[in-house]
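Below is protein-v1.tsv, which holds TSV, C-alpha atoms.
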```tsv
chain	number	residue	atom	x	y	z
A	1	MET	CA	2.89	-4.74	-14.77
A	2	THR	CA	6.45	-5.54	-13.76
A	3	ILE	CA	8.19	-4.00	-10.78
A	4	THR	CA	11.90	-4.63	-10.84
A	5	SER	CA	12.82	-2.53	-7.83
A	6	VAL	CA	11.26	-0.29	-5.25
A	7	PRO	CA	13.29	2.84	-4.56
A	8	ASP	CA	14.13	3.47	-0.93
A	9	LYS	CA	14.03	7.23	-0.82
A	10	ASN	CA	12.55	9.81	1.51
A	11	ASN	CA	8.80	9.72	1.48
A	12	GLU	CA	7.85	13.31	0.69
A	13	GLN	CA	4.18	12.71	1.47
A	14	ASN	CA	4.71	11.10	4.89
A	15	ILE	CA	2.86	7.94	3.93
A	16	LYS	CA	3.38	5.15	6.45
A	17	ILE	CA	2.43	1.51	5.89
A	18	TYR	CA	2.67	-0.88	8.84
A	19	PRO	CA	3.14	-3.44	10.27
A	20	ASN	CA	5.47	-5.07	7.82
A	21	PRO	CA	5.34	-8.03	7.86
A	22	ALA	CA	1.60	-8.03	8.52
A	23	LYS	CA	-0.78	-10.80	9.55
A	24	ASP	CA	-4.41	-9.91	8.83
A	25	HIS	CA	-4.52	-6.12	8.55
A	26	LEU	CA	-2.27	-3.42	7.21
A	27	ALA	CA	-2.55	0.21	8.31
A	28	ILE	CA	-1.87	2.99	5.83
A	29	GLU	CA	-1.36	6.50	7.25
A	30	LEU	CA	-1.99	9.29	4.79
A	31	PRO	CA	-1.58	13.07	4.93
A	32	ARG	CA	-4.84	14.86	5.79
A	33	ASN	CA	-6.99	16.80	3.36
A	34	SER	CA	-5.88	14.75	0.41
A	35	HIS	CA	-7.31	12.41	-2.20
A	36	PHE	CA	-5.55	9.07	-2.78
A	37	SER	CA	-5.95	5.87	-4.75
A	38	ILE	CA	-4.64	2.72	-3.02
A	39	GLU	CA	-3.89	-0.48	-4.90
A	40	LEU	CA	-2.64	-3.88	-3.72
A	41	PHE	CA	-0.78	-6.09	-6.21
A	42	ASP	CA	0.47	-9.65	-5.97
A	43	ILE	CA	4.01	-10.53	-7.08
A	44	ASN	CA	2.74	-11.15	-10.64
A	45	GLY	CA	1.29	-7.64	-10.92
A	46	LYS	CA	-2.36	-8.68	-10.57
A	47	VAL	CA	-4.49	-6.02	-8.88
A	48	LEU	CA	-6.06	-7.59	-5.78
A	49	HIS	CA	-7.60	-4.49	-4.24
A	50	LYS	CA	-8.30	-0.93	-5.37
A	51	SER	CA	-9.89	1.89	-3.40
A	52	THR	CA	-10.17	5.67	-3.46
A	53	ILE	CA	-9.68	7.56	-0.20
A	54	SER	CA	-10.52	11.18	0.57
A	55	ASN	CA	-9.77	13.09	3.76
A	56	GLN	CA	-8.94	10.04	5.88
A	57	LYS	CA	-5.82	9.90	8.03
A	58	THR	CA	-5.61	6.11	8.48
A	59	VAL	CA	-6.94	3.31	6.29
A	60	SER	CA	-7.01	-0.37	7.25
A	61	LEU	CA	-6.46	-2.92	4.48
A	62	ASP	CA	-7.74	-6.45	5.19
A	63	LEU	CA	-5.17	-9.08	4.16
A	64	SER	CA	-6.86	-12.04	5.89
A	65	MET	CA	-8.19	-13.49	2.61
A	66	TYR	CA	-4.70	-13.72	1.07
A	67	ARG	CA	-2.13	-16.39	1.73
A	68	SER	CA	1.33	-15.59	3.03
A	69	SER	CA	3.32	-13.91	0.28
A	70	MET	CA	4.94	-10.68	-0.83
A	71	PHE	CA	2.72	-7.88	-2.14
A	72	PHE	CA	3.11	-4.35	-3.43
A	73	ILE	CA	1.09	-1.34	-2.33
A	74	ARG	CA	0.76	1.62	-4.69
A	75	VAL	CA	-0.55	4.90	-3.29
A	76	ILE	CA	-1.35	7.54	-5.91
A	77	SER	CA	-1.99	11.19	-5.11
A	78	ASP	CA	-2.54	14.12	-7.44
A	79	SER	CA	1.21	14.73	-7.65
A	80	ASN	CA	3.05	11.54	-6.64
A	81	ILE	CA	3.08	7.76	-6.80
A	82	TYR	CA	4.42	5.83	-3.82
A	83	TYR	CA	5.26	2.09	-3.84
A	84	GLN	CA	6.04	-0.16	-0.92
A	85	LYS	CA	6.73	-3.86	-0.74
A	86	VAL	CA	4.81	-5.62	2.06
A	87	VAL	CA	4.91	-9.17	3.34
A	88	LYS	CA	1.92	-11.08	4.65
A	89	ALA	CA	3.09	-13.47	7.35
A	90	MET	CA	1.35	-16.62	8.55
```
Before we go any further, please render this structure as structure tokens.
Amino acid sequence: MTITSVPDKNNEQNIKIYPNPAKDHLAIELPRNSHFSIELFDINGKVLHKSTISNQKTVSLDLSMYRSSMFFIRVISDSNIYYQKVVKAM
């Protein structure tokens, strides 16, 4: 997988990922009553984490096991795919 750019457009699904940069945990706010797949990729496209979420408003992603670097989050719903670049700080 190669990501050459991440579009900065309005987020139709109101997905929020914070803080960015993050230290040990990343919060992902999702719309209610929805089913999502969340994936974390390193800068080489390797999948580091994958989970399926249903009917949860906020999900916490543990980054403590990863070293400081840039990562990509992909959130997939039934109708959209959302990408965001995140940085894990020291």
Env of segment 51-60 of chain A: 7 Å cut, atoms = all atoms listed in the file, seq-sep filter 5 positions within chain, self excluded. Answer as a PyMOL selection string. chain A and resi 25-39
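In this comparison, which uses only C-alpha atoms, the residue of A:Arg74, A:Lys88, A:His49, A:Arg67 approaching Lys23 of chain A most closely is A:Lys88.
Atom to atom, atom CA of Tyr18 of chain A and atom CA of Ser64 of chain A stand 15.0 Å apart.
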What separation in Å, quoted to one decimal, exists between atom CA of Asn80 of chain A and atom CA of Asn20 of chain A? 22.2 Å
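For the choices A:Ile15, A:Val86, A:Leu48, A:Ile43, the atom-to-atom distance to Tyr66 of chain A is smallest for A:Leu48 when using all atoms listed in the file.
Going from atom CA of Pro19 of chain A to atom CA of Lys50 of chain A covers 19.5 Å.
Using all atoms listed in the file, the nearest neighbour of Leu40 of chain A within the list A:Leu61, A:Ser77, A:Ile17, A:Ser69 is A:Leu61.
Shortest atom-to-atom contact with Met90 of chain A among A:Asn14, A:Ser68, A:Leu63, A:Asp42: A:Ser68, counting all atoms listed in the file.
Take the candidates A:Asp78, A:Asp62, A:Phe72, A:Pro21 and check each one against Lys46 of chain A using only C-alpha atoms; the shortest distance goes to A:Phe72.
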